[in-house]
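Structure, as structure tokens:
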Amino acid sequence: MKKIFIIAIFSVIFSYSQSRSSSSQNKIENPIISSIVDEATNNSQLENLAHELFDVIGPRLVGTPQMQKAHEWAVALYDSWGIEAYNHEWGKWRGWERGITHIDMIKPRLSTLTGRQLAWSPSTKKRGITAEVTIMPDINNKNDFEKWLKTIKGKFVLVSRYQPTGRTDSNWKEYALEESFEKMKNDREEISRKWYNNLRLTGYGYRDINKAYEDAGAVGLISSYWSRVPGSNKVFNARTEKIPNIDVNLEDYGALYRLVKNGKKPVIKVVSISKEHGDVPTFNTIAQIKGVEKPNEYVILSAHFDSWDGGQGTTDNGTGTLVMLEAMRILKKIYPNPKRTILVGHWGSEEQGLNGSRAFVEDFPEIVKNTQAVFNQDNGTGRVVSLSGQGFLYSYEFLTNWLYSVPNNISKHIKTDFPGLPSSGGSDYASFVSAGIPAFSLSSLSWDYGNFTWHTNLDTYDKIVFDDVRSNVILTAILAYKASEEDELVSREKRVMPINPRTGRVRDWPSIRKPNRDGTSAK
Ligand SMILES: [Zn+2]
């Protein structure tokens with residue numbers, strides 16, 4: 001890995017320095033490339049698109065009316081740009097709609113708490129539920145647990161482990177005495193160890209214990225999945241069938257926890273409304289600019305359209321979506337008669353397992369087979385800084401060649417890794433890689449994506465770094481243009497796969513996986 005990396009870096013530096021003078025000349029000479037840069041820079045639509053998608057439509061959980069609205073918006077938008085687009089139905093899902101979540105602590109004092117219901121959470125009645133909060137005590141065995149279960153009827157149960165600090169570790173590192181920082185970390189580990197041990201003693205697993213709470217008559221579960229950034233919680237799916245599952249921010253969860261532990265019997269009122277919409281169809285939005293010379297060969301731009309719904313789904317994957325929308329708009333304007341067809345896939349239900357793109361690979365084998373390259377973006381708002389050849393032996397040749405045409409102020413940040421290893425998951429390019437089609441991840445600088453915005457309540461418009469997104473638009477549009485203009489379909493030859501040190505056997509190329517087309521029992 002290391003060796004490959006060094007060779008890759010060396011060859012990139014070598015080839016860039018070798019080609020810089022000629023390529024920058026080419027860039028000036030090539031009116032299409034300079035027009036792409038000019039349009040993206042001086043007539044950017046990113047702010048408008050972001051406003052419409054995040055402020056107006058909002059998050060796009062599979063099966064929600066908002067997801068449907070987004071698909072319809074995208075088709076209308078492409079239509080307004082003169083680009084043919086449609087929504088391709090590939091499956092069905094549990095239709096669900098998030099309503100109001102409002103949480104107040106009533107006793108021992110009045111305080112409005114910060115939290116939200118988890119996706120697909122069952123609804124409360126309109127007037128909500130007012131009840132005492134409880135927590136599992138330290139137990140010695142399953143009997144203790146069963147005994148305690150008899151006491152939770154009519155109560156909310158706190159189901160997450162306690163976090164002793166809401167400060168980031170970097171904050172501690174900067175200000176704490178070294179010994180205080182160490183002590184905090186040890187305390188935190190000890191709490192976590194005890195919590196897991198207590199859970200083990202119940203005889204239940206992390207997932208099925210929630211059913212035991214429901215069966216015992218709890219009125220709701222209160223969890224808190226802190227994302228290690230102040231104010232940031234991961235917001236996934238509810239783990240309940242009949243009662244609401246509410247996620248509360250660390251500081252409010254901690255207060256409830258301490259109140260219970262100290263015998264203060266806190267009472268909360270939860271109004272958490274949601275609507276079931278039965279089974280609803282799921283879609284991918286597909287749009288294309290028809291190729292003139294080779295209409296049956298394709299360059300595919302790819303970004304999943306769906307999101308989790310704790311925030312606005314902005315960096316995951318709204319920004320990837322914006323890149324592909326804006327690149328298509330610009331290509332249609334500057335390069336309206338491409339050699340090959342340029343197709344964009346705004347996939348549904350990536351978050352539940354790359355379902356939309358896997359369905360596309362399964363449903364359109366003729367397109368997939370004749371695809372020159374796929375460019376996917378899906379890891380935040382940052383500028384693209386790495387590009388792996390995904391195990392395609394000659395990716396070095398064609399990707400490097402295409403990258404030469406990208407302005408140096410954009411390409412100079414991109415570290416390449418050739419031939420790289422094929423991804424089996426992570427995002428939608430993997431669906432194409434497994435089918436043996438050159439598909440690449442335009443991988444972004446993190447901007448603390450993992451903890452700050454990825455699947456959190458803070459994944460919102462204000463986190464967009466528009467300059468970086470604009471730079472990704474230029475990169476994507478130029479790569480699409482170059483891939484379209486390439487003489488022949490590029491080589492699909494795969495690398496010799498390395499040995500997996502864990503098994504001692506040669507790794508397999510990832511195999512094609514079936515999409516889940518029936519999410520009607522999603523929870
Ligand atoms: Zn994503």
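Residue names in the structure tokens use chain letters A, B, ... in the order shown, residue numbers from 1 in each chain, and ligand numbers from 1 in the order shown.
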
Task: Neighbour list for range 453-469 of chain A as a PyMOL selection string, cut-off 7 Å, only C-alpha atoms, skip fewer than 3 positions in-chain - done: chain A and resi 54+232-235+308+310-316+319+323+381-383+449-450+472-473

Compile the contact shell of Thr371 in chain A as a PDB file with N, CA and C atoms, in the first residue's frame: residues with an atom at most 8 Å away, counting only C-alpha atoms, same-chain residues fewer than 2 positions apart removed.
```pdb
ATOM      1  N   GLU A 297     -23.032   5.200 -25.624  1.00  0.00           N
ATOM      2  CA  GLU A 297     -21.980   5.091 -24.612  1.00  0.00           C
ATOM      3  C   GLU A 297     -22.174   6.236 -23.618  1.00  0.00           C
ATOM      4  N   TYR A 298     -21.774   5.977 -22.373  1.00  0.00           N
ATOM      5  CA  TYR A 298     -22.187   6.893 -21.295  1.00  0.00           C
ATOM      6  C   TYR A 298     -21.026   7.341 -20.413  1.00  0.00           C
ATOM      7  N   VAL A 299     -21.149   8.570 -19.953  1.00  0.00           N
ATOM      8  CA  VAL A 299     -20.359   9.032 -18.816  1.00  0.00           C
ATOM      9  C   VAL A 299     -21.386   9.288 -17.719  1.00  0.00           C
ATOM     10  N   ILE A 300     -21.167   8.716 -16.556  1.00  0.00           N
ATOM     11  CA  ILE A 300     -22.189   8.846 -15.509  1.00  0.00           C
ATOM     12  C   ILE A 300     -21.689   9.723 -14.360  1.00  0.00           C
ATOM     13  N   ILE A 367     -26.724   0.100 -20.451  1.00  0.00           N
ATOM     14  CA  ILE A 367     -26.077   1.384 -20.149  1.00  0.00           C
ATOM     15  C   ILE A 367     -24.779   1.124 -19.379  1.00  0.00           C
ATOM     16  N   VAL A 368     -24.891   0.296 -18.367  1.00  0.00           N
ATOM     17  CA  VAL A 368     -23.733   0.058 -17.483  1.00  0.00           C
ATOM     18  C   VAL A 368     -22.566  -0.513 -18.282  1.00  0.00           C
ATOM     19  N   LYS A 369     -22.876  -1.473 -19.137  1.00  0.00           N
ATOM     20  CA  LYS A 369     -21.839  -2.139 -19.937  1.00  0.00           C
ATOM     21  C   LYS A 369     -21.095  -1.126 -20.810  1.00  0.00           C
ATOM     22  N   ALA A 373     -17.046   5.941 -17.754  1.00  0.00           N
ATOM     23  CA  ALA A 373     -16.570   6.170 -16.385  1.00  0.00           C
ATOM     24  C   ALA A 373     -17.707   6.735 -15.552  1.00  0.00           C
ATOM     25  N   VAL A 374     -17.622   6.501 -14.244  1.00  0.00           N
ATOM     26  CA  VAL A 374     -18.596   7.039 -13.293  1.00  0.00           C
ATOM     27  C   VAL A 374     -17.828   7.924 -12.306  1.00  0.00           C
ATOM     28  N   ILE A 437     -17.053  -1.725 -13.893  1.00  0.00           N
ATOM     29  CA  ILE A 437     -17.079  -0.465 -14.648  1.00  0.00           C
ATOM     30  C   ILE A 437     -16.205   0.563 -13.928  1.00  0.00           C
ATOM     31  N   LEU A 489     -13.666   3.557 -25.511  1.00  0.00           N
ATOM     32  CA  LEU A 489     -13.978   3.212 -24.117  1.00  0.00           C
ATOM     33  C   LEU A 489     -12.668   2.851 -23.432  1.00  0.00           C
TER      34      LEU A 489
END
```

Compare A:Ala477, A:Ile289, A:Ala70, A:Ile209 by their minimum atom-to-atom distance to Gly82 in chain A, counting only C-alpha atoms, and give me the closest one.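 Checking each of A:Ala477, A:Ile289, A:Ala70, A:Ile209 against Gly82 in chain A, counting only C-alpha atoms, the winner is A:Ile289.
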
Mind listing the strand (DSSP E) residues of range 234-440 of chain A, per DSSP on the backbone, as a ChimeraX atom specification?
/A:245-248,267-289,294-304,340-347,371-376,384-388,415-417,439-440

From the list A:Lys264, A:Lys183, A:Lys294, A:Arg60, the nearest residue to ligand 1 using only C-alpha atoms and all ligand atoms is A:Arg60

Which of range 13-219 of chain A DSSP labels alpha helix (DSSP H), written as a JSON list (two decimals) with N, CA and C atoms, in the first residue's frame:
```
[["chain", "number", "residue", "atom", "x", "y", "z"],
["A", 13, "ILE", "N", 3.57, 13.78, -9.33],
["A", 13, "ILE", "CA", 4.42, 14.98, -9.32],
["A", 13, "ILE", "C", 5.19, 15.07, -10.62],
["A", 14, "PHE", "N", 5.74, 13.93, -11.01],
["A", 14, "PHE", "CA", 6.54, 13.88, -12.22],
["A", 14, "PHE", "C", 5.70, 14.31, -13.43],
["A", 15, "SER", "N", 4.52, 13.69, -13.53],
["A", 15, "SER", "CA", 3.76, 13.97, -14.74],
["A", 15, "SER", "C", 3.19, 15.38, -14.72],
["A", 16, "TYR", "N", 2.81, 15.86, -13.55],
["A", 16, "TYR", "CA", 2.31, 17.24, -13.52],
["A", 16, "TYR", "C", 3.39, 18.23, -13.94],
["A", 17, "SER", "N", 4.62, 18.05, -13.37],
["A", 17, "SER", "CA", 5.63, 19.03, -13.68],
["A", 17, "SER", "C", 6.00, 18.94, -15.16],
["A", 18, "GLN", "N", 5.95, 17.70, -15.67],
["A", 18, "GLN", "CA", 6.28, 17.51, -17.07],
["A", 18, "GLN", "C", 5.24, 18.18, -17.98],
["A", 19, "SER", "N", 4.01, 18.12, -17.52],
["A", 19, "SER", "CA", 2.95, 18.53, -18.44],
["A", 19, "SER", "C", 2.43, 19.93, -18.17],
["A", 20, "ARG", "N", 2.89, 20.51, -17.06],
["A", 20, "ARG", "CA", 2.23, 21.74, -16.62],
["A", 20, "ARG", "C", 2.22, 22.81, -17.71],
["A", 21, "SER", "N", 3.40, 23.03, -18.34],
["A", 21, "SER", "CA", 3.44, 24.11, -19.31],
["A", 21, "SER", "C", 2.51, 23.81, -20.49],
["A", 22, "SER", "N", 2.57, 22.56, -21.00],
["A", 22, "SER", "CA", 1.73, 22.28, -22.15],
["A", 22, "SER", "C", 0.26, 22.25, -21.77],
["A", 23, "SER", "N", -0.04, 21.69, -20.57],
["A", 23, "SER", "CA", -1.45, 21.57, -20.22],
["A", 23, "SER", "C", -2.07, 22.93, -19.92],
["A", 24, "SER", "N", -1.28, 23.81, -19.29],
["A", 24, "SER", "CA", -1.91, 25.11, -19.01],
["A", 24, "SER", "C", -2.13, 25.87, -20.31],
["A", 25, "GLN", "N", -1.26, 25.59, -21.29],
["A", 25, "GLN", "CA", -1.50, 26.19, -22.61],
["A", 25, "GLN", "C", -2.79, 25.62, -23.20],
["A", 26, "ASN", "N", -2.90, 24.27, -23.09],
["A", 26, "ASN", "CA", -4.10, 23.62, -23.60],
["A", 26, "ASN", "C", -5.33, 24.22, -22.97],
["A", 27, "LYS", "N", -5.23, 24.44, -21.65],
["A", 27, "LYS", "CA", -6.40, 24.93, -20.92],
["A", 27, "LYS", "C", -6.84, 26.27, -21.48],
["A", 28, "ILE", "N", -5.86, 27.08, -21.80],
["A", 28, "ILE", "CA", -6.23, 28.39, -22.34],
["A", 28, "ILE", "C", -6.76, 28.22, -23.76],
["A", 29, "GLU", "N", -6.16, 27.29, -24.48],
["A", 29, "GLU", "CA", -6.57, 27.10, -25.86],
["A", 29, "GLU", "C", -7.93, 26.44, -25.97],
["A", 31, "PRO", "N", -11.50, 26.23, -25.53],
["A", 31, "PRO", "CA", -12.57, 27.16, -25.13],
["A", 31, "PRO", "C", -13.62, 26.49, -24.26],
["A", 32, "ILE", "N", -13.80, 25.16, -24.41],
["A", 32, "ILE", "CA", -14.82, 24.49, -23.59],
["A", 32, "ILE", "C", -14.41, 24.53, -22.12],
["A", 33, "ILE", "N", -13.14, 24.22, -21.88],
["A", 33, "ILE", "CA", -12.69, 24.19, -20.49],
["A", 33, "ILE", "C", -12.71, 25.60, -19.88],
["A", 34, "SER", "N", -12.24, 26.58, -20.62],
["A", 34, "SER", "CA", -12.26, 27.93, -20.04],
["A", 34, "SER", "C", -13.71, 28.41, -19.84],
["A", 35, "SER", "N", -14.61, 27.99, -20.72],
["A", 35, "SER", "CA", -16.02, 28.39, -20.54],
["A", 35, "SER", "C", -16.65, 27.69, -19.34],
["A", 36, "ILE", "N", -16.27, 26.43, -19.11],
["A", 36, "ILE", "CA", -16.78, 25.72, -17.93],
["A", 36, "ILE", "C", -16.34, 26.47, -16.67],
["A", 37, "VAL", "N", -15.05, 26.82, -16.62],
["A", 37, "VAL", "CA", -14.53, 27.52, -15.45],
["A", 37, "VAL", "C", -15.24, 28.87, -15.29],
["A", 38, "ASP", "N", -15.42, 29.55, -16.39],
["A", 38, "ASP", "CA", -16.05, 30.87, -16.35],
["A", 38, "ASP", "C", -17.51, 30.78, -15.87],
["A", 39, "GLU", "N", -18.25, 29.84, -16.42],
["A", 39, "GLU", "CA", -19.67, 29.68, -16.04],
["A", 39, "GLU", "C", -19.79, 29.30, -14.56],
["A", 40, "ALA", "N", -18.95, 28.36, -14.13],
["A", 40, "ALA", "CA", -19.01, 27.91, -12.72],
["A", 40, "ALA", "C", -18.62, 29.03, -11.77],
["A", 41, "THR", "N", -17.72, 29.89, -12.22],
["A", 41, "THR", "CA", -17.21, 30.94, -11.34],
["A", 41, "THR", "C", -18.10, 32.17, -11.36],
["A", 42, "ASN", "N", -18.52, 32.58, -12.56],
["A", 42, "ASN", "CA", -19.21, 33.87, -12.68],
["A", 42, "ASN", "C", -20.72, 33.79, -12.79],
["A", 46, "LEU", "N", -25.13, 27.68, -7.40],
["A", 46, "LEU", "CA", -25.07, 26.82, -6.21],
["A", 46, "LEU", "C", -25.88, 27.35, -5.03],
["A", 47, "GLU", "N", -25.78, 28.67, -4.78],
["A", 47, "GLU", "CA", -26.51, 29.22, -3.63],
["A", 47, "GLU", "C", -28.02, 29.06, -3.79],
["A", 48, "ASN", "N", -28.50, 29.32, -5.01],
["A", 48, "ASN", "CA", -29.95, 29.17, -5.25],
["A", 48, "ASN", "C", -30.37, 27.72, -5.07],
["A", 49, "LEU", "N", -29.59, 26.82, -5.66],
["A", 49, "LEU", "CA", -29.94, 25.39, -5.58],
["A", 49, "LEU", "C", -29.92, 24.93, -4.12],
["A", 50, "ALA", "N", -28.90, 25.38, -3.38],
["A", 50, "ALA", "CA", -28.79, 24.99, -1.97],
["A", 50, "ALA", "C", -29.99, 25.49, -1.18],
["A", 65, "PRO", "N", -42.48, 12.11, 2.11],
["A", 65, "PRO", "CA", -42.97, 13.02, 1.06],
["A", 65, "PRO", "C", -41.88, 14.01, 0.62],
["A", 66, "GLN", "N", -40.94, 14.35, 1.53],
["A", 66, "GLN", "CA", -39.86, 15.29, 1.17],
["A", 66, "GLN", "C", -38.94, 14.68, 0.12],
["A", 67, "MET", "N", -38.68, 13.38, 0.23],
["A", 67, "MET", "CA", -37.85, 12.70, -0.78],
["A", 67, "MET", "C", -38.56, 12.78, -2.13],
["A", 68, "GLN", "N", -39.86, 12.52, -2.09],
["A", 68, "GLN", "CA", -40.65, 12.57, -3.32],
["A", 68, "GLN", "C", -40.63, 13.97, -3.93],
["A", 69, "LYS", "N", -40.77, 14.97, -3.05],
["A", 69, "LYS", "CA", -40.76, 16.36, -3.50],
["A", 69, "LYS", "C", -39.42, 16.69, -4.15],
["A", 70, "ALA", "N", -38.33, 16.19, -3.57],
["A", 70, "ALA", "CA", -37.00, 16.44, -4.11],
["A", 70, "ALA", "C", -36.87, 15.83, -5.51],
["A", 71, "HIS", "N", -37.38, 14.61, -5.68],
["A", 71, "HIS", "CA", -37.31, 13.98, -7.01],
["A", 71, "HIS", "C", -38.07, 14.83, -8.04],
["A", 72, "GLU", "N", -39.25, 15.31, -7.63],
["A", 72, "GLU", "CA", -40.05, 16.10, -8.57],
["A", 72, "GLU", "C", -39.38, 17.44, -8.86],
["A", 73, "TRP", "N", -38.80, 18.03, -7.84],
["A", 73, "TRP", "CA", -38.07, 19.30, -8.01],
["A", 73, "TRP", "C", -36.92, 19.12, -9.00],
["A", 74, "ALA", "N", -36.17, 18.04, -8.86],
["A", 74, "ALA", "CA", -35.00, 17.82, -9.72],
["A", 74, "ALA", "C", -35.42, 17.66, -11.18],
["A", 75, "VAL", "N", -36.50, 16.91, -11.41],
["A", 75, "VAL", "CA", -36.96, 16.71, -12.79],
["A", 75, "VAL", "C", -37.40, 18.05, -13.39],
["A", 76, "ALA", "N", -38.14, 18.83, -12.60],
["A", 76, "ALA", "CA", -38.60, 20.15, -13.10],
["A", 76, "ALA", "C", -37.41, 21.07, -13.37],
["A", 77, "LEU", "N", -36.40, 20.98, -12.51],
["A", 77, "LEU", "CA", -35.21, 21.81, -12.66],
["A", 77, "LEU", "C", -34.48, 21.46, -13.97],
["A", 78, "TYR", "N", -34.26, 20.17, -14.18],
["A", 78, "TYR", "CA", -33.61, 19.74, -15.42],
["A", 78, "TYR", "C", -34.43, 20.18, -16.63],
["A", 79, "ASP", "N", -35.73, 20.05, -16.48],
["A", 79, "ASP", "CA", -36.62, 20.47, -17.56],
["A", 79, "ASP", "C", -36.40, 21.94, -17.89],
["A", 80, "SER", "N", -36.25, 22.76, -16.85],
["A", 80, "SER", "CA", -36.05, 24.20, -17.07],
["A", 80, "SER", "C", -34.70, 24.49, -17.73],
["A", 142, "LYS", "N", -30.03, -11.51, 35.23],
["A", 142, "LYS", "CA", -31.26, -11.36, 34.45],
["A", 142, "LYS", "C", -32.48, -11.19, 35.35],
["A", 143, "ASN", "N", -32.48, -11.89, 36.50],
["A", 143, "ASN", "CA", -33.59, -11.79, 37.45],
["A", 143, "ASN", "C", -33.79, -10.36, 37.93],
["A", 144, "ASP", "N", -32.67, -9.71, 38.29],
["A", 144, "ASP", "CA", -32.74, -8.30, 38.71],
["A", 144, "ASP", "C", -33.39, -7.47, 37.62],
["A", 145, "PHE", "N", -32.98, -7.76, 36.36],
["A", 145, "PHE", "CA", -33.52, -6.99, 35.24],
["A", 145, "PHE", "C", -35.03, -7.19, 35.10],
["A", 146, "GLU", "N", -35.45, -8.47, 35.14],
["A", 146, "GLU", "CA", -36.88, -8.77, 34.99],
["A", 146, "GLU", "C", -37.69, -8.09, 36.10],
["A", 147, "LYS", "N", -37.12, -8.08, 37.29],
["A", 147, "LYS", "CA", -37.79, -7.44, 38.43],
["A", 147, "LYS", "C", -37.97, -5.94, 38.18],
["A", 148, "TRP", "N", -36.89, -5.33, 37.70],
["A", 148, "TRP", "CA", -36.95, -3.88, 37.41],
["A", 148, "TRP", "C", -37.92, -3.58, 36.27],
["A", 149, "LEU", "N", -37.95, -4.48, 35.26],
["A", 149, "LEU", "CA", -38.86, -4.27, 34.12],
["A", 149, "LEU", "C", -40.30, -4.04, 34.59],
["A", 169, "ASP", "N", -12.65, 16.31, 22.97],
["A", 169, "ASP", "CA", -11.34, 15.91, 23.50],
["A", 169, "ASP", "C", -10.27, 16.95, 23.17],
["A", 170, "SER", "N", -10.40, 17.60, 22.02],
["A", 170, "SER", "CA", -9.38, 18.60, 21.67],
["A", 170, "SER", "C", -9.46, 19.80, 22.62],
["A", 171, "ASN", "N", -10.67, 20.11, 23.07],
["A", 171, "ASN", "CA", -10.86, 21.18, 24.05],
["A", 171, "ASN", "C", -10.19, 20.80, 25.38],
["A", 172, "TRP", "N", -10.41, 19.56, 25.81],
["A", 172, "TRP", "CA", -9.76, 19.07, 27.03],
["A", 172, "TRP", "C", -8.24, 19.11, 26.89],
["A", 173, "LYS", "N", -7.80, 18.66, 25.73],
["A", 173, "LYS", "CA", -6.36, 18.57, 25.51],
["A", 173, "LYS", "C", -5.72, 19.96, 25.59],
["A", 174, "GLU", "N", -6.43, 20.94, 25.09],
["A", 174, "GLU", "CA", -5.87, 22.29, 25.07],
["A", 174, "GLU", "C", -5.82, 22.92, 26.47],
["A", 175, "TYR", "N", -6.87, 22.69, 27.28],
["A", 175, "TYR", "CA", -6.99, 23.46, 28.52],
["A", 175, "TYR", "C", -6.78, 22.68, 29.81],
["A", 178, "GLU", "N", -2.92, 17.75, 32.41],
["A", 178, "GLU", "CA", -2.78, 16.45, 31.76],
["A", 178, "GLU", "C", -3.46, 15.36, 32.57],
["A", 179, "GLU", "N", -3.29, 15.43, 33.90],
["A", 179, "GLU", "CA", -3.85, 14.37, 34.74],
["A", 179, "GLU", "C", -5.40, 14.44, 34.75],
["A", 180, "SER", "N", -5.93, 15.66, 34.61],
["A", 180, "SER", "CA", -7.41, 15.77, 34.57],
["A", 180, "SER", "C", -7.95, 15.13, 33.29],
["A", 181, "PHE", "N", -7.26, 15.38, 32.20],
["A", 181, "PHE", "CA", -7.68, 14.83, 30.91],
["A", 181, "PHE", "C", -7.65, 13.30, 30.98],
["A", 182, "GLU", "N", -6.55, 12.78, 31.53],
["A", 182, "GLU", "CA", -6.42, 11.32, 31.65],
["A", 182, "GLU", "C", -7.55, 10.75, 32.52],
["A", 183, "LYS", "N", -7.80, 11.44, 33.64],
["A", 183, "LYS", "CA", -8.84, 10.98, 34.56],
["A", 183, "LYS", "C", -10.20, 10.96, 33.87],
["A", 184, "MET", "N", -10.49, 12.03, 33.13],
["A", 184, "MET", "CA", -11.78, 12.10, 32.42],
["A", 184, "MET", "C", -11.91, 10.92, 31.46],
["A", 185, "LYS", "N", -10.85, 10.66, 30.72],
["A", 185, "LYS", "CA", -10.92, 9.57, 29.74],
["A", 185, "LYS", "C", -11.11, 8.22, 30.42],
["A", 186, "ASN", "N", -10.40, 8.05, 31.55],
["A", 186, "ASN", "CA", -10.57, 6.80, 32.31],
["A", 186, "ASN", "C", -11.98, 6.65, 32.84],
["A", 187, "ASP", "N", -12.51, 7.76, 33.40],
["A", 187, "ASP", "CA", -13.89, 7.73, 33.91],
["A", 187, "ASP", "C", -14.87, 7.35, 32.80],
["A", 188, "ARG", "N", -14.66, 7.96, 31.65],
["A", 188, "ARG", "CA", -15.57, 7.73, 30.52],
["A", 188, "ARG", "C", -15.52, 6.27, 30.08],
["A", 189, "GLU", "N", -14.32, 5.73, 30.03],
["A", 189, "GLU", "CA", -14.18, 4.33, 29.66],
["A", 189, "GLU", "C", -14.85, 3.40, 30.67],
["A", 190, "GLU", "N", -14.70, 3.75, 31.94],
["A", 190, "GLU", "CA", -15.27, 2.94, 33.01],
["A", 190, "GLU", "C", -16.80, 2.95, 32.93],
["A", 191, "ILE", "N", -17.36, 4.14, 32.68],
["A", 191, "ILE", "CA", -18.82, 4.25, 32.52],
["A", 191, "ILE", "C", -19.28, 3.36, 31.37],
["A", 192, "SER", "N", -18.54, 3.43, 30.28],
["A", 192, "SER", "CA", -18.89, 2.66, 29.10],
["A", 192, "SER", "C", -18.79, 1.16, 29.38],
["A", 193, "ARG", "N", -17.73, 0.76, 30.06],
["A", 193, "ARG", "CA", -17.52, -0.66, 30.37],
["A", 193, "ARG", "C", -18.67, -1.18, 31.25],
["A", 194, "LYS", "N", -19.00, -0.39, 32.26],
["A", 194, "LYS", "CA", -20.08, -0.79, 33.18],
["A", 194, "LYS", "C", -21.42, -0.89, 32.45],
["A", 195, "TRP", "N", -21.63, 0.08, 31.56],
["A", 195, "TRP", "CA", -22.89, 0.13, 30.83],
["A", 195, "TRP", "C", -23.07, -1.11, 29.96],
["A", 196, "TYR", "N", -22.01, -1.48, 29.23],
["A", 196, "TYR", "CA", -22.08, -2.68, 28.39],
["A", 196, "TYR", "C", -22.24, -3.93, 29.24],
["A", 197, "ASN", "N", -21.56, -3.95, 30.37],
["A", 197, "ASN", "CA", -21.64, -5.12, 31.25],
["A", 197, "ASN", "C", -23.07, -5.28, 31.79],
["A", 198, "ASN", "N", -23.66, -4.15, 32.19],
["A", 198, "ASN", "CA", -25.04, -4.16, 32.71],
["A", 198, "ASN", "C", -26.00, -4.69, 31.64],
["A", 199, "LEU", "N", -25.77, -4.22, 30.41],
["A", 199, "LEU", "CA", -26.61, -4.65, 29.29],
["A", 199, "LEU", "C", -26.47, -6.16, 29.07],
["A", 200, "ARG", "N", -25.24, -6.65, 29.16],
["A", 200, "ARG", "CA", -24.98, -8.08, 28.96],
["A", 200, "ARG", "C", -25.73, -8.91, 30.01],
["A", 201, "LEU", "N", -25.75, -8.39, 31.24],
["A", 201, "LEU", "CA", -26.38, -9.14, 32.33],
["A", 201, "LEU", "C", -27.90, -9.26, 32.16],
["A", 209, "ILE", "N", -33.33, -5.50, 23.25],
["A", 209, "ILE", "CA", -33.74, -5.05, 24.59],
["A", 209, "ILE", "C", -34.88, -4.03, 24.50],
["A", 210, "ASN", "N", -34.93, -3.31, 23.38],
["A", 210, "ASN", "CA", -35.98, -2.28, 23.25],
["A", 210, "ASN", "C", -37.38, -2.91, 23.22],
["A", 211, "LYS", "N", -37.46, -4.10, 22.65],
["A", 211, "LYS", "CA", -38.74, -4.78, 22.62],
["A", 211, "LYS", "C", -39.17, -5.16, 24.04],
["A", 212, "ALA", "N", -38.18, -5.53, 24.87],
["A", 212, "ALA", "CA", -38.50, -5.87, 26.27],
["A", 212, "ALA", "C", -39.08, -4.64, 26.98],
["A", 213, "TYR", "N", -38.51, -3.47, 26.71],
["A", 213, "TYR", "CA", -39.05, -2.23, 27.31],
["A", 213, "TYR", "C", -40.48, -1.99, 26.84],
["A", 214, "GLU", "N", -40.69, -2.16, 25.52],
["A", 214, "GLU", "CA", -42.03, -1.94, 24.97],
["A", 214, "GLU", "C", -43.03, -2.90, 25.59],
["A", 215, "ASP", "N", -42.65, -4.19, 25.63],
["A", 215, "ASP", "CA", -43.55, -5.21, 26.16],
["A", 215, "ASP", "C", -43.86, -4.97, 27.64]]
```

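When only C-alpha atoms are used to measure the gap to Asp104 in chain A, the shortest distance among A:Thr134, A:Val271, A:Thr240, A:Leu61 belongs to A:Val271.
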
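A straight line drawn from CA of Thr114 in chain A to CA of Asp448 in chain A is 22.5 Å long.
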